[in-house]
Each structure stands twice: as structure tokens, then as C-alpha cells.
>>> print(open('final.pdb').read())   # PDB, C-alpha atoms, pLDDT in the B column
ATOM      1  CA  MET A   1       0.000   0.000   0.000  1.00 46.00           C
ATOM      2  CA  LEU A   2       2.862   2.365   0.818  1.00 40.00           C
ATOM      3  CA  LEU A   3       4.564   1.689  -2.526  1.00 43.00           C
ATOM      4  CA  SER A   4       1.245   2.183  -4.329  1.00 49.00           C
ATOM      5  CA  GLY A   5       0.838   5.529  -2.609  1.00 48.00           C
ATOM      6  CA  ILE A   6       4.322   6.590  -3.627  1.00 41.00           C
ATOM      7  CA  ILE A   7       3.644   5.672  -7.260  1.00 46.00           C
ATOM      8  CA  LEU A   8       0.344   7.513  -7.328  1.00 47.00           C
ATOM      9  CA  SER A   9       1.990  10.624  -5.933  1.00 48.00           C
ATOM     10  CA  GLY A  10       4.650  10.428  -8.656  1.00 49.00           C
ATOM     11  CA  CYS A  11       2.207  10.195 -11.581  1.00 57.00           C
ATOM     12  CA  LYS A  12       1.538  13.029 -14.002  1.00 63.00           C
ATOM     13  CA  SER A  13      -1.557  15.162 -13.443  1.00 60.00           C
ATOM     14  CA  ALA A  14      -4.416  14.561 -15.870  1.00 60.00           C
ATOM     15  CA  ASP A  15      -5.943  17.994 -15.202  1.00 60.00           C
ATOM     16  CA  LYS A  16      -3.799  19.711 -17.843  1.00 64.00           C
ATOM     17  CA  VAL A  17      -4.883  17.240 -20.522  1.00 67.00           C
ATOM     18  CA  LEU A  18      -8.588  16.752 -19.812  1.00 70.00           C
ATOM     19  CA  PHE A  19     -10.930  18.913 -21.912  1.00 69.00           C
ATOM     20  CA  LYS A  20      -8.142  20.586 -23.871  1.00 74.00           C
ATOM     21  CA  ALA A  21      -9.624  20.894 -27.349  1.00 70.00           C
ATOM     22  CA  SER A  22      -7.477  21.108 -30.459  1.00 78.00           C
ATOM     23  CA  SER A  23      -7.055  24.637 -31.798  1.00 81.00           C
ATOM     24  CA  ALA A  24      -8.330  24.434 -35.387  1.00 87.00           C
ATOM     25  CA  SER A  25     -11.238  26.788 -35.931  1.00 92.00           C
ATOM     26  CA  LEU A  26     -13.537  26.434 -38.940  1.00 94.00           C
ATOM     27  CA  THR A  27     -12.995  29.041 -41.635  1.00 94.00           C
ATOM     28  CA  SER A  28     -16.726  29.796 -41.551  1.00 94.00           C
ATOM     29  CA  ARG A  29     -18.143  29.238 -38.073  1.00 95.00           C
ATOM     30  CA  LEU A  30     -21.686  27.937 -37.667  1.00 97.00           C
ATOM     31  CA  PRO A  31     -24.268  30.055 -35.826  1.00 96.00           C
ATOM     32  CA  ALA A  32     -25.009  29.445 -32.152  1.00 96.00           C
ATOM     33  CA  LEU A  33     -26.815  26.136 -31.575  1.00 96.00           C
ATOM     34  CA  GLN A  34     -28.543  24.333 -28.734  1.00 95.00           C
ATOM     35  CA  VAL A  35     -26.328  21.478 -27.526  1.00 96.00           C
ATOM     36  CA  ASP A  36     -27.432  17.929 -26.787  1.00 96.00           C
ATOM     37  CA  VAL A  37     -25.236  14.965 -25.810  1.00 96.00           C
ATOM     38  CA  ASP A  38     -26.068  11.264 -25.648  1.00 95.00           C
ATOM     39  CA  ASN A  39     -23.100   9.593 -23.947  1.00 90.00           C
ATOM     40  CA  SER A  40     -24.934   6.584 -22.513  1.00 88.00           C
ATOM     41  CA  LEU A  41     -22.697   4.087 -24.342  1.00 86.00           C
ATOM     42  CA  LEU A  42     -19.566   5.835 -23.118  1.00 82.00           C
ATOM     43  CA  MET A  43     -20.701   5.347 -19.531  1.00 75.00           C
ATOM     44  CA  VAL A  44     -20.432   1.548 -19.827  1.00 67.00           C
ATOM     45  CA  THR A  45     -16.656   1.861 -19.586  1.00 60.00           C
ATOM     46  CA  GLU A  46     -17.162   2.818 -15.902  1.00 58.00           C
ATOM     47  CA  ALA A  47     -14.269   5.262 -16.186  1.00 63.00           C
ATOM     48  CA  THR A  48     -15.786   8.397 -17.665  1.00 67.00           C
ATOM     49  CA  GLU A  49     -17.599  10.842 -15.436  1.00 77.00           C
ATOM     50  CA  TYR A  50     -21.125  11.771 -16.532  1.00 78.00           C
ATOM     51  CA  ASP A  51     -20.295  15.298 -17.769  1.00 87.00           C
ATOM     52  CA  ASP A  52     -16.951  14.476 -19.430  1.00 88.00           C
ATOM     53  CA  ALA A  53     -18.340  14.084 -22.951  1.00 91.00           C
ATOM     54  CA  ARG A  54     -20.447  17.246 -22.686  1.00 93.00           C
ATOM     55  CA  LYS A  55     -17.545  19.316 -21.357  1.00 91.00           C
ATOM     56  CA  MET A  56     -15.247  18.141 -24.137  1.00 91.00           C
ATOM     57  CA  PHE A  57     -17.916  18.670 -26.824  1.00 95.00           C
ATOM     58  CA  GLU A  58     -18.911  22.143 -25.615  1.00 94.00           C
ATOM     59  CA  GLN A  59     -15.280  23.214 -25.515  1.00 93.00           C
ATOM     60  CA  GLU A  60     -14.784  21.932 -29.059  1.00 94.00           C
ATOM     61  CA  LEU A  61     -17.891  23.793 -30.231  1.00 96.00           C
ATOM     62  CA  ASN A  62     -17.042  27.090 -28.549  1.00 94.00           C
ATOM     63  CA  GLN A  63     -13.393  27.047 -29.556  1.00 93.00           C
ATOM     64  CA  ASN A  64     -13.664  25.776 -33.122  1.00 95.00           C
ATOM     65  CA  ILE A  65     -17.171  25.290 -34.510  1.00 96.00           C
ATOM     66  CA  ILE A  66     -19.881  27.793 -33.550  1.00 96.00           C
ATOM     67  CA  ASP A  67     -20.202  31.507 -32.919  1.00 93.00           C
ATOM     68  CA  ALA A  68     -20.275  31.282 -29.128  1.00 84.00           C
ATOM     69  CA  GLY A  69     -20.865  35.032 -28.748  1.00 85.00           C
ATOM     70  CA  ASP A  70     -24.279  34.933 -30.454  1.00 86.00           C
ATOM     71  CA  SER A  71     -27.221  34.532 -28.076  1.00 86.00           C
ATOM     72  CA  THR A  72     -29.676  33.625 -30.871  1.00 92.00           C
ATOM     73  CA  LYS A  73     -29.837  29.886 -31.522  1.00 95.00           C
ATOM     74  CA  PHE A  74     -30.451  28.735 -35.090  1.00 96.00           C
ATOM     75  CA  GLY A  75     -30.866  25.027 -34.444  1.00 96.00           C
ATOM     76  CA  TYR A  76     -29.430  22.093 -32.606  1.00 97.00           C
ATOM     77  CA  VAL A  77     -26.197  20.122 -32.538  1.00 98.00           C
ATOM     78  CA  LYS A  78     -26.114  16.672 -30.996  1.00 98.00           C
ATOM     79  CA  LEU A  79     -23.164  14.493 -30.038  1.00 98.00           C
ATOM     80  CA  GLN A  80     -24.136  10.830 -30.218  1.00 97.00           C
ATOM     81  CA  ILE A  81     -21.722   8.198 -28.904  1.00 96.00           C
ATOM     82  CA  MET A  82     -22.312   5.224 -31.199  1.00 96.00           C
ATOM     83  CA  GLU A  83     -19.708   2.803 -29.796  1.00 95.00           C
ATOM     84  CA  ALA A  84     -17.317   2.816 -26.857  1.00 92.00           C
ATOM     85  CA  SER A  85     -14.920   0.177 -25.591  1.00 91.00           C
ATOM     86  CA  VAL A  86     -11.850  -0.037 -23.371  1.00 87.00           C
ATOM     87  CA  SER A  87      -9.125  -2.651 -23.064  1.00 86.00           C
ATOM     88  CA  ARG A  88      -6.208  -3.124 -20.658  1.00 77.00           C
ATOM     89  CA  PRO A  89      -3.153  -4.619 -22.366  1.00 63.00           C
ATOM     90  CA  GLY A  90      -0.139  -5.299 -20.210  1.00 56.00           C
ATOM     91  CA  ARG A  91      -1.831  -7.307 -17.455  1.00 62.00           C
ATOM     92  CA  ALA A  92       1.110  -9.731 -17.388  1.00 56.00           C
ATOM     93  CA  LEU A  93       3.402  -6.762 -16.792  1.00 55.00           C
ATOM     94  CA  GLN A  94       1.183  -5.637 -13.940  1.00 59.00           C
ATOM     95  CA  VAL A  95       1.420  -9.084 -12.315  1.00 57.00           C
ATOM     96  CA  PHE A  96       5.204  -8.939 -12.659  1.00 52.00           C
ATOM     97  CA  GLN A  97       5.227  -5.488 -11.047  1.00 55.00           C
ATOM     98  CA  MET A  98       3.219  -6.741  -8.091  1.00 61.00           C
ATOM     99  CA  MET A  99       5.476  -9.785  -7.661  1.00 59.00           C
ATOM    100  CA  THR A 100       8.519  -7.503  -7.501  1.00 56.00           C
ATOM    101  CA  LEU A 101       6.824  -5.052  -5.080  1.00 50.00           C
ATOM    102  CA  LEU A 102       6.519  -2.428  -7.866  1.00 53.00           C
ATOM    103  CA  THR A 103      10.286  -1.973  -7.968  1.00 50.00           C
ATOM    104  CA  PRO A 104      10.438  -1.750 -11.838  1.00 48.00           C
ATOM    105  CA  SER A 105       8.009   1.180 -11.721  1.00 54.00           C
ATOM    106  CA  MET A 106      10.654   3.202  -9.908  1.00 54.00           C
ATOM    107  CA  ILE A 107      12.798   3.168 -13.056  1.00 49.00           C
ATOM    108  CA  GLY A 108       9.950   4.045 -15.419  1.00 54.00           C
ATOM    109  CA  ILE A 109       8.530   0.663 -16.419  1.00 57.00           C
ATOM    110  CA  PRO A 110       4.725   1.064 -16.715  1.00 56.00           C
ATOM    111  CA  LEU A 111       2.139  -0.862 -14.750  1.00 71.00           C
ATOM    112  CA  GLY A 112       0.005  -1.206 -17.869  1.00 75.00           C
ATOM    113  CA  TRP A 113      -2.149   0.731 -20.313  1.00 79.00           C
ATOM    114  CA  TYR A 114      -5.769   1.736 -20.821  1.00 87.00           C
ATOM    115  CA  CYS A 115      -6.786   1.771 -24.501  1.00 92.00           C
ATOM    116  CA  SER A 116     -10.123   3.306 -25.512  1.00 93.00           C
ATOM    117  CA  ARG A 117     -12.002   3.346 -28.798  1.00 95.00           C
ATOM    118  CA  VAL A 118     -14.922   5.728 -29.364  1.00 96.00           C
ATOM    119  CA  ARG A 119     -17.100   6.102 -32.463  1.00 97.00           C
ATOM    120  CA  ALA A 120     -19.085   9.325 -32.391  1.00 98.00           C
ATOM    121  CA  GLU A 121     -21.519  11.232 -34.586  1.00 98.00           C
ATOM    122  CA  VAL A 122     -22.243  14.946 -34.685  1.00 98.00           C
ATOM    123  CA  GLN A 123     -25.764  15.598 -35.935  1.00 98.00           C
ATOM    124  CA  LEU A 124     -26.992  19.043 -37.032  1.00 98.00           C
ATOM    125  CA  TYR A 125     -30.675  20.011 -36.971  1.00 97.00           C
ATOM    126  CA  ASP A 126     -32.441  23.189 -37.985  1.00 96.00           C
ATOM    127  CA  ALA A 127     -34.735  25.139 -35.657  1.00 94.00           C
ATOM    128  CA  HIS A 128     -37.638  22.800 -36.505  1.00 93.00           C
ATOM    129  CA  GLY A 129     -35.750  19.604 -35.733  1.00 94.00           C
ATOM    130  CA  GLU A 130     -35.043  18.650 -39.351  1.00 96.00           C
ATOM    131  CA  LEU A 131     -31.729  16.865 -39.857  1.00 97.00           C
ATOM    132  CA  LEU A 132     -29.263  18.861 -41.974  1.00 97.00           C
ATOM    133  CA  GLY A 133     -26.211  16.633 -41.731  1.00 97.00           C
ATOM    134  CA  THR A 134     -24.456  13.826 -39.881  1.00 98.00           C
ATOM    135  CA  TYR A 135     -20.697  13.619 -39.439  1.00 98.00           C
ATOM    136  CA  ALA A 136     -18.882  10.620 -37.962  1.00 98.00           C
ATOM    137  CA  GLY A 137     -15.437   9.889 -36.594  1.00 98.00           C
ATOM    138  CA  THR A 138     -13.677   7.098 -34.723  1.00 98.00           C
ATOM    139  CA  GLY A 139     -11.060   7.908 -32.112  1.00 97.00           C
ATOM    140  CA  GLN A 140      -8.551   5.747 -30.284  1.00 96.00           C
ATOM    141  CA  SER A 141      -6.197   6.386 -27.407  1.00 93.00           C
ATOM    142  CA  SER A 142      -3.613   4.622 -25.275  1.00 91.00           C
ATOM    143  CA  VAL A 143      -2.736   5.958 -21.826  1.00 89.00           C
ATOM    144  CA  ARG A 144      -0.030   4.355 -19.721  1.00 80.00           C
ATOM    145  CA  VAL A 145      -0.228   3.801 -15.989  1.00 78.00           C
ATOM    146  CA  ALA A 146       3.250   4.611 -14.716  1.00 70.00           C
ATOM    147  CA  MET A 147       5.260   6.667 -12.307  1.00 65.00           C
ATOM    148  CA  TYR A 148       6.683   9.989 -13.569  1.00 62.00           C
ATOM    149  CA  HIS A 149       5.943   9.286 -17.248  1.00 62.00           C
ATOM    150  CA  GLY A 150       2.369   8.080 -16.932  1.00 64.00           C
ATOM    151  CA  TYR A 151      -0.898   8.529 -15.074  1.00 75.00           C
ATOM    152  CA  SER A 152      -2.452   7.006 -11.977  1.00 75.00           C
ATOM    153  CA  GLN A 153      -4.655   3.918 -11.993  1.00 74.00           C
ATOM    154  CA  SER A 154      -7.682   6.145 -11.328  1.00 75.00           C
ATOM    155  CA  ASP A 155      -6.924   8.895 -13.882  1.00 82.00           C
ATOM    156  CA  ALA A 156      -5.738   6.758 -16.803  1.00 84.00           C
ATOM    157  CA  PRO A 157      -9.049   5.112 -17.823  1.00 86.00           C
ATOM    158  CA  ARG A 158     -10.960   8.388 -17.662  1.00 86.00           C
ATOM    159  CA  LEU A 159      -8.270  10.185 -19.632  1.00 89.00           C
ATOM    160  CA  ALA A 160      -8.222   7.397 -22.243  1.00 91.00           C
ATOM    161  CA  ASP A 161     -11.951   7.874 -22.910  1.00 91.00           C
ATOM    162  CA  VAL A 162     -11.669  11.664 -23.186  1.00 91.00           C
ATOM    163  CA  LEU A 163      -8.654  11.457 -25.520  1.00 92.00           C
ATOM    164  CA  ALA A 164     -10.433   8.921 -27.747  1.00 94.00           C
ATOM    165  CA  LEU A 165     -13.440  11.243 -27.979  1.00 94.00           C
ATOM    166  CA  ARG A 166     -11.147  14.170 -28.808  1.00 94.00           C
ATOM    167  CA  HIS A 167      -9.555  12.085 -31.569  1.00 95.00           C
ATOM    168  CA  ALA A 168     -13.017  11.348 -32.989  1.00 97.00           C
ATOM    169  CA  LEU A 169     -13.917  15.064 -32.930  1.00 96.00           C
ATOM    170  CA  ASP A 170     -10.621  15.850 -34.669  1.00 95.00           C
ATOM    171  CA  GLN A 171     -11.790  13.595 -37.513  1.00 97.00           C
ATOM    172  CA  ILE A 172     -15.229  15.213 -37.656  1.00 97.00           C
ATOM    173  CA  ARG A 173     -13.999  18.820 -37.778  1.00 97.00           C
ATOM    174  CA  PRO A 174     -12.500  18.623 -41.322  1.00 97.00           C
ATOM    175  CA  GLN A 175     -15.791  17.182 -42.569  1.00 97.00           C
ATOM    176  CA  LEU A 176     -17.636  20.148 -41.104  1.00 97.00           C
ATOM    177  CA  GLU A 177     -15.098  22.504 -42.669  1.00 97.00           C
ATOM    178  CA  VAL A 178     -16.114  21.283 -46.135  1.00 97.00           C
ATOM    179  CA  ASP A 179     -19.821  22.017 -45.519  1.00 97.00           C
ATOM    180  CA  ALA A 180     -19.524  24.947 -43.088  1.00 97.00           C
ATOM    181  CA  ALA A 181     -20.331  27.792 -45.492  1.00 96.00           C
ATOM    182  CA  ALA A 182     -23.354  25.987 -46.939  1.00 97.00           C
ATOM    183  CA  LEU A 183     -24.582  24.976 -43.481  1.00 97.00           C
ATOM    184  CA  LYS A 184     -24.258  28.533 -42.202  1.00 96.00           C
ATOM    185  CA  THR A 185     -26.418  29.789 -45.071  1.00 96.00           C
ATOM    186  CA  GLU A 186     -28.941  26.994 -44.560  1.00 96.00           C
ATOM    187  CA  PHE A 187     -29.316  27.742 -40.849  1.00 96.00           C
ATOM    188  CA  ALA A 188     -29.826  31.441 -41.620  1.00 95.00           C
ATOM    189  CA  ASN A 189     -32.440  30.721 -44.303  1.00 95.00           C
ATOM    190  CA  ARG A 190     -34.433  28.432 -42.024  1.00 95.00           C
ATOM    191  CA  GLY A 191     -34.492  30.931 -39.172  1.00 94.00           C
ATOM    192  CA  PRO A 192     -33.739  30.882 -35.445  1.00 94.00           C
ATOM    193  CA  VAL A 193     -35.240  28.789 -32.696  1.00 92.00           C
ATOM    194  CA  GLU A 194     -38.322  30.598 -31.417  1.00 81.00           C
ATOM    195  CA  VAL A 195     -38.198  31.853 -27.861  1.00 61.00           C
ATOM    196  CA  ILE A 196     -41.308  32.726 -25.845  1.00 45.00           C
ATOM    197  CA  MET A 197     -40.868  34.032 -22.294  1.00 41.00           C
ATOM    198  CA  GLY A 198     -37.342  32.666 -22.244  1.00 50.00           C
ATOM    199  CA  GLN A 199     -38.384  29.126 -23.272  1.00 50.00           C
ATOM    200  CA  THR A 200     -37.488  27.501 -26.594  1.00 52.00           C
ATOM    201  CA  VAL A 201     -40.569  26.188 -28.377  1.00 48.00           C
ATOM    202  CA  ALA A 202     -39.098  24.547 -31.453  1.00 50.00           C
ATOM    203  CA  THR A 203     -38.984  20.767 -31.502  1.00 52.00           C
ATOM    204  CA  SER A 204     -35.600  19.531 -30.286  1.00 54.00           C
ATOM    205  CA  PRO A 205     -34.310  16.324 -31.914  1.00 63.00           C
ATOM    206  CA  ASN A 206     -34.576  13.143 -29.880  1.00 61.00           C
TER     207      ASN A 206
END
>>> encode(input="final.pdb", output="C-alpha cells")
Amino acid sequence: MLLSGIILSGCKSADKVLFKASSASLTSRLPALQVDVDNSLLMVTEATEYDDARKMFEQELNQNIIDAGDSTKFGYVKLQIMEASVSRPGRALQVFQMMTLLTPSMIGIPLGWYCSRVRAEVQLYDAHGELLGTYAGTGQSSVRVAMYHGYSQSDAPRLADVLALRHALDQIRPQLEVDAAALKTEFANRGPVEVIMGQTVATSPN
């Protein structure tokens, strides 16, 4: 237990990596949109926190995709997690580490890895809930559990899921770039989401 505590204290912090979106803004940003996230399949990995996918997606949208400064919403954007899986290669190495009282970890040998794979879709709807486009990407990640040059046993699986989702969004962004100008015009032509007494009344996609 003491050695485990020492290793955990020597791991890198995941805080600087979580929710750090890539900086690659669309040439023509989309108008402000209502955001919806279905991450139910991602939750089966038992590593990701409930709001992780939403935080990552909203940061991606605000930094690269939509005009975050516009208060008028012209439709909806939905992140749908289609597939999610996690594996843990290196279990034999972990057994060896335990048999040697984690001594190899002191010289940088990892305890193992968490590898995640996420297939995601970004769906765009107009103010009336009509689908305008679907864009898909598959992301993968591998995060090592190690002292000094890796992450803790508790942070690594969560970080692996978030990095895989980021990778998927990095694949989706270039697809949006191709259609961005046309989508922006289409959203404008179809009009904004109606607001009555502060409540949106247009039909949100399911």
C-alpha cells in the first residue's frame, strides 16, 4: 500500500490534458446552436464521469465550430456516442510489477495501459428539428499507468476515454469545414429557434 501511494503521488496530473480541445477553428463558423449529448454508451466503460463528454464537446464547439458570442440559436447540434470500448493490455506486466513489489516502476517501467475506442456522430438540426447533416469519426487512445511518465490507476481510464473522444472530434472537424459555409447559409435561411418568455418552443431532436 505504501509503494502504491508513492507511485500515485509520482504520476503526471491529468488535469492539464482533460478537456483541452485542439485549436483548429472552422474558416466559416456555424451560428449558435442548442447542444445535446447522448453519452450513454460511453458510460459503460465505468471510467468516464457523466459530464466528461459534454464538457469536451462544448469546448470543441465554442473554440472551433460555432459563434459562441451569439445569443440567438439557429438550431441544434447533438453528439451521439455510437460505440465505446476499453481494453487493458499489459496485465502480465502488472502481475510482474506486483510480484517484484513495484520496484520496476521506480525506473519508469509502466504498470500497464488503458486503450479506448470511441465512435461518435455529430448531428446538425435546424430550428424545426429537421436533420441537416451527420458527421462521424472514430477515435482511439492509449494511456499508460506509470510513475513519472504516466498517469495514476484512477486517472488513466478516464483520460483514455476523453482522448479517444477528442480524436473522434478531430476527424469530424474537417468534414464540417467542407460544408460549413453551406450549413451557415442553410441555418440562416431556415431561421432561429423561437423563444417565448425565455423558453425555446421549437422541436428539439430526440
>>> residues_around(input="final.pdb", residues="Glu49 (chain A)", least_positions_apart="4", cutoff="10 Å", atoms="only C-alpha atoms", output="JSON, numbers by chain")
{"A": [42, 43, 45, 53, 158, 161, 162]}
>>> resolve_selection(input="final.pdb", expression="the PyMOL selection byres ((chain A and resi 168-174) around 6)", output="PyMOL selection string")
chain A and resi 135-139+165-167+175-177
>>> residues_around(input="final.pdb", residues="region 181-197 of chain A", least_positions_apart="4", cutoff="12 Å", atoms="all atoms listed in the file", output="PDB file with C-alpha atoms, in the frame of the given file")
ATOM      1  CA  LEU A  26     -13.537  26.434 -38.940  1.00 94.00           C
ATOM      2  CA  THR A  27     -12.995  29.041 -41.635  1.00 94.00           C
ATOM      3  CA  SER A  28     -16.726  29.796 -41.551  1.00 94.00           C
ATOM      4  CA  ARG A  29     -18.143  29.238 -38.073  1.00 95.00           C
ATOM      5  CA  LEU A  30     -21.686  27.937 -37.667  1.00 97.00           C
ATOM      6  CA  PRO A  31     -24.268  30.055 -35.826  1.00 96.00           C
ATOM      7  CA  ALA A  32     -25.009  29.445 -32.152  1.00 96.00           C
ATOM      8  CA  LEU A  33     -26.815  26.136 -31.575  1.00 96.00           C
ATOM      9  CA  GLN A  34     -28.543  24.333 -28.734  1.00 95.00           C
ATOM     10  CA  ILE A  65     -17.171  25.290 -34.510  1.00 96.00           C
ATOM     11  CA  ILE A  66     -19.881  27.793 -33.550  1.00 96.00           C
ATOM     12  CA  ASP A  67     -20.202  31.507 -32.919  1.00 93.00           C
ATOM     13  CA  ASP A  70     -24.279  34.933 -30.454  1.00 86.00           C
ATOM     14  CA  SER A  71     -27.221  34.532 -28.076  1.00 86.00           C
ATOM     15  CA  THR A  72     -29.676  33.625 -30.871  1.00 92.00           C
ATOM     16  CA  LYS A  73     -29.837  29.886 -31.522  1.00 95.00           C
ATOM     17  CA  PHE A  74     -30.451  28.735 -35.090  1.00 96.00           C
ATOM     18  CA  GLY A  75     -30.866  25.027 -34.444  1.00 96.00           C
ATOM     19  CA  TYR A  76     -29.430  22.093 -32.606  1.00 97.00           C
ATOM     20  CA  VAL A  77     -26.197  20.122 -32.538  1.00 98.00           C
ATOM     21  CA  LEU A 124     -26.992  19.043 -37.032  1.00 98.00           C
ATOM     22  CA  TYR A 125     -30.675  20.011 -36.971  1.00 97.00           C
ATOM     23  CA  ASP A 126     -32.441  23.189 -37.985  1.00 96.00           C
ATOM     24  CA  ALA A 127     -34.735  25.139 -35.657  1.00 94.00           C
ATOM     25  CA  HIS A 128     -37.638  22.800 -36.505  1.00 93.00           C
ATOM     26  CA  GLY A 129     -35.750  19.604 -35.733  1.00 94.00           C
ATOM     27  CA  GLU A 130     -35.043  18.650 -39.351  1.00 96.00           C
ATOM     28  CA  LEU A 131     -31.729  16.865 -39.857  1.00 97.00           C
ATOM     29  CA  LEU A 132     -29.263  18.861 -41.974  1.00 97.00           C
ATOM     30  CA  GLY A 133     -26.211  16.633 -41.731  1.00 97.00           C
ATOM     31  CA  THR A 134     -24.456  13.826 -39.881  1.00 98.00           C
ATOM     32  CA  GLN A 175     -15.791  17.182 -42.569  1.00 97.00           C
ATOM     33  CA  LEU A 176     -17.636  20.148 -41.104  1.00 97.00           C
ATOM     34  CA  GLU A 177     -15.098  22.504 -42.669  1.00 97.00           C
ATOM     35  CA  VAL A 201     -40.569  26.188 -28.377  1.00 48.00           C
ATOM     36  CA  ALA A 202     -39.098  24.547 -31.453  1.00 50.00           C
ATOM     37  CA  THR A 203     -38.984  20.767 -31.502  1.00 52.00           C
ATOM     38  CA  SER A 204     -35.600  19.531 -30.286  1.00 54.00           C
TER      39      SER A 204
END
>>> closest_residue(input="final.pdb", among="A:Val118, A:Ala180, A:Ala156, A:Leu41", to="Asn64 (chain A)", atoms="only C-alpha atoms")
A:Ala180
>>> atom_distance(input="final.pdb", atom1="CA of Asp36 (chain A)", atom2="CA of Met56 (chain A)")
12.5 Å
>>> atom_distance(input="final.pdb", atom1="CA of Leu111 (chain A)", atom2="CA of Arg144 (chain A)")
7.5 Å
>>> atom_distance(input="final.pdb", atom1="CA of Glu58 (chain A)", atom2="CA of Val86 (chain A)")
23.4 Å
>>> closest_residue(input="final.pdb", among="A:Gln123, A:Asn62, A:Ser40, A:Ser87", to="Val143 (chain A)", atoms="only C-alpha atoms")
A:Ser87
>>> closest_residue(input="final.pdb", among="A:Asp155, A:Asp38, A:Asp179, A:Asp52", to="Glu83 (chain A)", atoms="all atoms listed in the file")
A:Asp38
>>> closest_residue(input="final.pdb", among="A:Leu61, A:Ala164, A:Cys115, A:Leu18", to="Val35 (chain A)", atoms="only C-alpha atoms")
A:Leu61
>>> residues_around(input="final.pdb", residues="Val37 (chain A)", least_positions_apart="6", cutoff="9 Å", atoms="only C-alpha atoms", output="VMD selection string")
chain A and resid 53 to 54 57 77 to 81
